[in-house]
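Before any comments, here is the structure.
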Amino acid sequence: MRMLLKDGKMKVLTLSYDDGVVQDARLVEIMSKYGLKGTFNINSGMEFAEEYIRRIFRKTLSTEDAKSLYLNSGNEVAIHSLTHPHLEVLSEEEIIYEITEDRRNIEKDYGVIAKGMAYPFGTYNETVVEILKRCGIVYSRTVNSTYGFEFPENWLLLNPTCHHNCEKLIELVEKFVETKYSFPKMFYLWGHSYEFDENDNWEVIEKFAEFVGNRDDIWYATNMEIYEYVKAYNNLVVSIDRKIVHNSSSVDVWFLHQDKKYCARCGETIYL
Ligand SMILES: [Zn+2]
């Protein structure tokens with residue numbers, strides 16, 4: 001058996017944008033126009049952040065505006081720590097507080113279960129990763145570009161393909177779109193939408209979205225939708241003779257078996 005992606009596709013594309021800034025409104029508009037989806041990583045307690053962090057921080061959306069913007073467009077809200085510190089320099093207690101308080105606030109304010117994350121400043125160490133696990137976080141995005149399209153081995157070290165300012169962006173996305181793959185591939189773009197204002201380069205994301213969006217062979221998904229899908233595939237229950245497959249998850253799963261495409265709907269048992 002070999003995993004396929006949603007609707008039997010071989011490619012998925014996702015975005016991840018940080019800090020909940022006002023420019024996300026324009027970004028979401030572009031994403032929606034071209035059918036792209038992604039994840040927005042929010043700090044819910046910036047008023048308690050250290051002075052030097054608050055000074056470098058950009059204008060953020062109100063919780064009310066953020067909620068309607070992200071959720072009405074089908075995007076995901078994930079955590080980014082309470083006050084955006086460098087987590088790896090904090091005590092274990094402080095790390096736990098930063099994660100669980102951000103989860104608690106976001107879950108209460110947005111009415112979602114928030115188990116996804118992006119590392120503030122992209123920095124972490126082994127202790128941070130270990131604590132994330134214990135706080136129920138299932139994936140966390142780094143800022144380490146892979147310039148590739150592989151799924152992560154460790155979802156708590158979820159490395160993106162590249163940042164939107166990467167000089168190879170067009171080359172990479174053309175390769176992703178034009179290549180016929182035999183195994184599922186993921187294009188993962190990250191950034192901050194305020195950078196488009198500061199660098200006066202909104203055309204970067206507009207051209208990217210126009211080129212890669214609205215294609216039949218690409219699944220456009222949030223980070224969590226991809227995580228949940230891969231988990232559901234990995235959790236398929238298979239009989240000893242490999243002829244009966246049961247999908248106990250809440251998402252439909254597609255796979256290849258002896259070159260034939262199958263779909264096991266959520267909760268369904270199928271006979272190959
Ligand atoms: Zn950030």
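Every chain in the structure tokens has a letter given in the order shown (A, B, ...), and although residue numbers restart at 1 in each chain, ligands are simply numbered from 1 in the order shown.
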Please write out the residues within 9 Å of ligand 1 as a ChimeraX atom specification, counting only C-alpha atoms and all ligand atoms.
/A:17-20,41-43,57,80-81,84,118-122,192
Would you put the residues from that selection into a file with C-alpha atoms, as an mmCIF file, in the first residue's frame?
```
data_model
loop_
_atom_site.group_PDB
_atom_site.id
_atom_site.type_symbol
_atom_site.label_atom_id
_atom_site.label_comp_id
_atom_site.auth_asym_id
_atom_site.auth_seq_id
_atom_site.Cartn_x
_atom_site.Cartn_y
_atom_site.Cartn_z
ATOM 1 C CA TYR A 17 2.151 32.993 8.295
ATOM 2 C CA ASP A 18 3.083 34.336 11.695
ATOM 3 C CA ASP A 19 2.192 36.927 14.315
ATOM 4 C CA GLY A 20 -1.457 37.688 13.406
ATOM 5 C CA ASN A 41 0.245 31.429 14.093
ATOM 6 C CA ILE A 42 -0.899 33.734 16.857
ATOM 7 C CA ASN A 43 0.579 35.108 20.090
ATOM 8 C CA PHE A 57 6.402 43.804 16.915
ATOM 9 C CA HIS A 80 3.003 30.830 18.381
ATOM 10 C CA SER A 81 3.566 31.056 22.185
ATOM 11 C CA HIS A 84 6.886 35.444 21.415
ATOM 12 C CA ALA A 118 5.236 27.679 14.787
ATOM 13 C CA TYR A 119 8.360 28.396 16.872
ATOM 14 C CA PRO A 120 8.642 32.106 17.774
ATOM 15 C CA PHE A 121 11.823 33.383 16.027
ATOM 16 C CA GLY A 122 12.105 29.834 14.651
ATOM 17 C CA HIS A 192 5.062 37.261 7.672
#
```
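For Leu157 in chain A, the residues within 12 Å (counting only C-alpha atoms, excluding itself and residues fewer than 3 positions away along the chain) are Gly116, Met117, Ala118, Tyr119, Gly122, Thr123, Tyr124, Asn125, Glu126, Val128, Val129, Glu130, Leu132, Lys133, Ile137, Val138, Tyr139, Ser140, Arg141, Thr142, Val143, Asn144, Ser145, Thr146, Phe151, Pro152, Glu153, Asn154 and Pro160 of chain A.
Closest approach to Lys6 in chain A among A:His246, A:Ala221, A:Ile270, A:Val238: A:Ala221, based on only C-alpha atoms.
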Figure out the distance between CA of Trp219 in chain A and CA of Phe255 in chain A, please, to one decimal in Å.
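Between these atoms lies a distance of 14.9 Å.
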All residues 9 Å or closer to Ile205 in chain A, only C-alpha atoms, same chain fewer than 3 positions away omitted, as a list in words:
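Once the nearby chain positions are removed, what remains is Leu27, Ile30, Met31, His164, Phe196, Asn201, Trp202, Phe208, Ala209 and Glu210 of chain A.
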Please run DSSP on the backbone and report, as a PyMOL selection string, all residues within range 39-246 of chain A that come out as strand (DSSP E).
chain A and resi 39-42+76-79+116-118+139-141+162-163+185-191+218-220+237-238+244-246
Could the residues in this selection be saved with C-alpha atoms as a short mmCIF file (atom, residue, chain, number, x, y, z; two decimals), in the first residue's frame?
```cif
data_model
loop_
_atom_site.label_atom_id
_atom_site.label_comp_id
_atom_site.auth_asym_id
_atom_site.auth_seq_id
_atom_site.Cartn_x
_atom_site.Cartn_y
_atom_site.Cartn_z
CA THR A 39 -2.15 28.29 8.96
CA PHE A 40 -1.87 31.52 10.94
CA ASN A 41 0.25 31.43 14.09
CA ILE A 42 -0.90 33.73 16.86
CA GLU A 76 -6.24 27.32 10.60
CA VAL A 77 -5.35 29.24 13.73
CA ALA A 78 -2.36 27.79 15.55
CA ILE A 79 -0.26 28.86 18.49
CA GLY A 116 -0.37 23.17 15.98
CA MET A 117 2.43 25.67 16.38
CA ALA A 118 5.24 27.68 14.79
CA TYR A 139 3.39 19.74 14.89
CA SER A 140 5.61 22.81 15.05
CA ARG A 141 7.11 24.72 12.14
CA CYS A 162 11.18 28.02 1.82
CA HIS A 163 10.34 31.58 2.84
CA LYS A 185 4.88 15.75 -2.16
CA MET A 186 4.25 18.90 -0.14
CA PHE A 187 5.13 22.51 -0.97
CA TYR A 188 5.33 24.50 2.24
CA LEU A 189 5.69 28.30 2.13
CA TRP A 190 6.14 30.53 5.19
CA GLY A 191 6.62 34.18 6.08
CA ILE A 218 -3.02 20.00 -6.03
CA TRP A 219 -4.71 19.73 -2.66
CA TYR A 220 -4.70 23.09 -0.84
CA VAL A 237 -5.88 -1.00 10.29
CA VAL A 238 -4.99 -3.79 7.87
CA ILE A 244 -9.16 -5.81 4.55
CA VAL A 245 -8.53 -2.17 5.42
CA HIS A 246 -10.34 -0.25 8.13
#
```
Between A:Leu158, A:Ala114, A:Ile96, A:Leu69, which is the closest to Ile131 in chain A once you count only C-alpha atoms?
A:Ile96
Run DSSP on the backbone of this structure and report the residues of range 30-236 of chain A it assigns to helix (DSSP H, G or I), as a PyMOL selection string.
chain A and resi 30-33+46-48+51-56+63-72+87-89+92-110+120-122+126-134+155-157+169-178+194-198+202-212+223-234
Residues near Tyr194 in chain A, anyone? I mean within 8 Å using only C-alpha atoms, not counting same-chain ones fewer than 4 positions away, as a count of residues only.
6
Computed interatomic separation between CA of Trp254 in chain A and CA of Asn234 in chain A (Å)
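Between CA of Trp254 in chain A and CA of Asn234 in chain A the gap works out to 11.5 Å.
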Of the listed residues A:Gln258, A:Arg2, A:Arg26, A:Lys67, that which approaches Asp197 in chain A most closely, counting only C-alpha atoms:
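Going through A:Gln258, A:Arg2, A:Arg26, A:Lys67 one by one, the smallest distance to Asp197 in chain A is for A:Arg26.
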Show me, as a ChimeraX atom specification, the residues that have an atom within 12 Å of Ser68 in chain A when counting only C-alpha atoms, minus same-chain residues fewer than 6 positions from it.
/A:24-25,28,61-62,74-77,109-111
Serialized selection, C-alpha atoms, as a PDB file, in the first residue's frame:
```
ATOM      1  CA  ASP A  24      -2.948  39.078   6.905  1.00  0.00           C
ATOM      2  CA  ALA A  25      -6.272  40.481   5.646  1.00  0.00           C
ATOM      3  CA  VAL A  28      -6.062  35.946   2.994  1.00  0.00           C
ATOM      4  CA  LEU A  61      -5.367  42.216  14.325  1.00  0.00           C
ATOM      5  CA  SER A  62      -7.894  42.379  17.142  1.00  0.00           C
ATOM      6  CA  GLY A  74     -11.236  28.077   6.116  1.00  0.00           C
ATOM      7  CA  ASN A  75      -7.729  28.689   7.392  1.00  0.00           C
ATOM      8  CA  GLU A  76      -6.240  27.322  10.595  1.00  0.00           C
ATOM      9  CA  VAL A  77      -5.348  29.237  13.732  1.00  0.00           C
ATOM     10  CA  ASP A 109     -11.259  32.979  21.851  1.00  0.00           C
ATOM     11  CA  TYR A 110     -11.510  31.094  18.550  1.00  0.00           C
ATOM     12  CA  GLY A 111     -13.503  28.039  19.631  1.00  0.00           C
TER      13      GLY A 111
END
```
Mind checking which residues fall within 10 Å of Glu50 in chain A, counting only C-alpha atoms, ignoring those fewer than 3 positions away in the same chain, and posting them as a list in words?
Met46, Glu47, Ile53, Arg54, Arg55, Thr83, His84 and Pro85 of chain A
Can you write just those residues out, N, CA and C atoms, as a compact mmCIF listing (two decimals), in the first residue's frame?
```
# COMPACT_ATOMS: atom_id res chain seq x y z
N MET A 46 0.57 39.35 23.78
CA MET A 46 1.67 40.28 23.50
C MET A 46 1.74 41.43 24.49
N GLU A 47 0.61 41.74 25.13
CA GLU A 47 0.65 42.83 26.11
C GLU A 47 1.53 42.49 27.30
N ILE A 53 10.75 42.91 22.78
CA ILE A 53 9.94 42.18 21.80
C ILE A 53 8.77 43.04 21.34
N ARG A 54 8.16 43.74 22.28
CA ARG A 54 7.02 44.58 21.89
C ARG A 54 7.46 45.68 20.94
N ARG A 55 8.71 46.16 21.12
CA ARG A 55 9.22 47.22 20.25
C ARG A 55 9.37 46.76 18.80
N THR A 83 3.90 35.09 24.39
CA THR A 83 4.52 36.42 24.25
C THR A 83 5.70 36.47 23.29
N HIS A 84 5.85 35.45 22.46
CA HIS A 84 6.89 35.44 21.41
C HIS A 84 8.32 35.55 21.95
N PRO A 85 8.67 34.79 22.98
CA PRO A 85 10.06 34.83 23.46
C PRO A 85 10.93 33.84 22.67
```
Name all residues at most 12 Å from range 179-182 of chain A (count only C-alpha atoms; drop same-chain ones fewer than 4 positions away) and give them as a ChimeraX atom specification.
/A:2-5,8-12,149-150,171-175,186,217-218,256,259
Could you write those residues out with N, CA and C atoms, as a PDB file, in the first residue's frame?
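In the end it all went to result.pdb:
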```
ATOM      1  N   ARG A   2       0.424   2.240  -0.728  1.00  0.00           N
ATOM      2  CA  ARG A   2       1.173   3.487  -0.773  1.00  0.00           C
ATOM      3  C   ARG A   2       0.212   4.658  -0.582  1.00  0.00           C
ATOM      4  N   MET A   3       0.586   5.617   0.245  1.00  0.00           N
ATOM      5  CA  MET A   3      -0.308   6.737   0.532  1.00  0.00           C
ATOM      6  C   MET A   3      -0.516   7.619  -0.700  1.00  0.00           C
ATOM      7  N   LEU A   4      -1.768   8.006  -0.928  1.00  0.00           N
ATOM      8  CA  LEU A   4      -2.080   9.106  -1.842  1.00  0.00           C
ATOM      9  C   LEU A   4      -2.632  10.220  -0.972  1.00  0.00           C
ATOM     10  N   LEU A   5      -2.751  11.413  -1.531  1.00  0.00           N
ATOM     11  CA  LEU A   5      -3.320  12.512  -0.745  1.00  0.00           C
ATOM     12  C   LEU A   5      -4.822  12.612  -1.018  1.00  0.00           C
ATOM     13  N   GLY A   8      -7.111  11.382  -3.919  1.00  0.00           N
ATOM     14  CA  GLY A   8      -6.171  10.612  -4.739  1.00  0.00           C
ATOM     15  C   GLY A   8      -5.061  11.443  -5.367  1.00  0.00           C
ATOM     16  N   LYS A   9      -4.907  12.683  -4.897  1.00  0.00           N
ATOM     17  CA  LYS A   9      -3.881  13.573  -5.477  1.00  0.00           C
ATOM     18  C   LYS A   9      -2.486  13.206  -4.969  1.00  0.00           C
ATOM     19  N   MET A  10      -1.483  13.751  -5.662  1.00  0.00           N
ATOM     20  CA  MET A  10      -0.104  13.448  -5.303  1.00  0.00           C
ATOM     21  C   MET A  10       0.607  14.681  -4.727  1.00  0.00           C
ATOM     22  N   LYS A  11      -0.068  15.837  -4.763  1.00  0.00           N
ATOM     23  CA  LYS A  11       0.597  17.074  -4.314  1.00  0.00           C
ATOM     24  C   LYS A  11      -0.307  17.850  -3.351  1.00  0.00           C
ATOM     25  N   VAL A  12       0.343  18.428  -2.342  1.00  0.00           N
ATOM     26  CA  VAL A  12      -0.389  19.307  -1.426  1.00  0.00           C
ATOM     27  C   VAL A  12       0.432  20.573  -1.234  1.00  0.00           C
ATOM     28  N   PHE A 149      10.324  18.960  -1.084  1.00  0.00           N
ATOM     29  CA  PHE A 149       8.887  18.751  -0.964  1.00  0.00           C
ATOM     30  C   PHE A 149       8.536  17.500  -0.150  1.00  0.00           C
ATOM     31  N   GLU A 150       9.464  17.082   0.705  1.00  0.00           N
ATOM     32  CA  GLU A 150       9.222  15.854   1.471  1.00  0.00           C
ATOM     33  C   GLU A 150       8.378  16.143   2.712  1.00  0.00           C
ATOM     34  N   GLU A 171      11.581  29.040  -9.202  1.00  0.00           N
ATOM     35  CA  GLU A 171      12.180  27.789  -9.698  1.00  0.00           C
ATOM     36  C   GLU A 171      11.586  26.580  -8.964  1.00  0.00           C
ATOM     37  N   LEU A 172      11.469  26.711  -7.646  1.00  0.00           N
ATOM     38  CA  LEU A 172      10.945  25.598  -6.841  1.00  0.00           C
ATOM     39  C   LEU A 172       9.482  25.303  -7.162  1.00  0.00           C
ATOM     40  N   VAL A 173       8.690  26.351  -7.259  1.00  0.00           N
ATOM     41  CA  VAL A 173       7.258  26.128  -7.460  1.00  0.00           C
ATOM     42  C   VAL A 173       6.986  25.624  -8.882  1.00  0.00           C
ATOM     43  N   GLU A 174       7.798  26.048  -9.831  1.00  0.00           N
ATOM     44  CA  GLU A 174       7.643  25.514 -11.199  1.00  0.00           C
ATOM     45  C   GLU A 174       7.961  24.025 -11.220  1.00  0.00           C
ATOM     46  N   LYS A 175       9.021  23.667 -10.508  1.00  0.00           N
ATOM     47  CA  LYS A 175       9.396  22.246 -10.437  1.00  0.00           C
ATOM     48  C   LYS A 175       8.263  21.435  -9.793  1.00  0.00           C
ATOM     49  N   MET A 186       4.858  17.733  -0.794  1.00  0.00           N
ATOM     50  CA  MET A 186       4.253  18.901  -0.143  1.00  0.00           C
ATOM     51  C   MET A 186       5.093  20.151  -0.413  1.00  0.00           C
ATOM     52  N   ASP A 217      -4.854  19.163  -9.698  1.00  0.00           N
ATOM     53  CA  ASP A 217      -4.008  18.076  -9.172  1.00  0.00           C
ATOM     54  C   ASP A 217      -3.305  18.454  -7.875  1.00  0.00           C
ATOM     55  N   ILE A 218      -3.641  19.611  -7.308  1.00  0.00           N
ATOM     56  CA  ILE A 218      -3.022  20.001  -6.034  1.00  0.00           C
ATOM     57  C   ILE A 218      -4.111  20.133  -4.970  1.00  0.00           C
ATOM     58  N   LEU A 256      -2.867   3.695  -2.845  1.00  0.00           N
ATOM     59  CA  LEU A 256      -2.660   2.823  -4.007  1.00  0.00           C
ATOM     60  C   LEU A 256      -2.370   1.426  -3.502  1.00  0.00           C
ATOM     61  N   ASP A 259      -1.180  -0.801  -7.879  1.00  0.00           N
ATOM     62  CA  ASP A 259      -1.464   0.178  -8.947  1.00  0.00           C
ATOM     63  C   ASP A 259      -2.936   0.569  -9.088  1.00  0.00           C
TER      64      ASP A 259
END
```
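The interatomic distance for the pair CA of Cys166 in chain A and CA of Leu15 in chain A works out to 14.3 Å.
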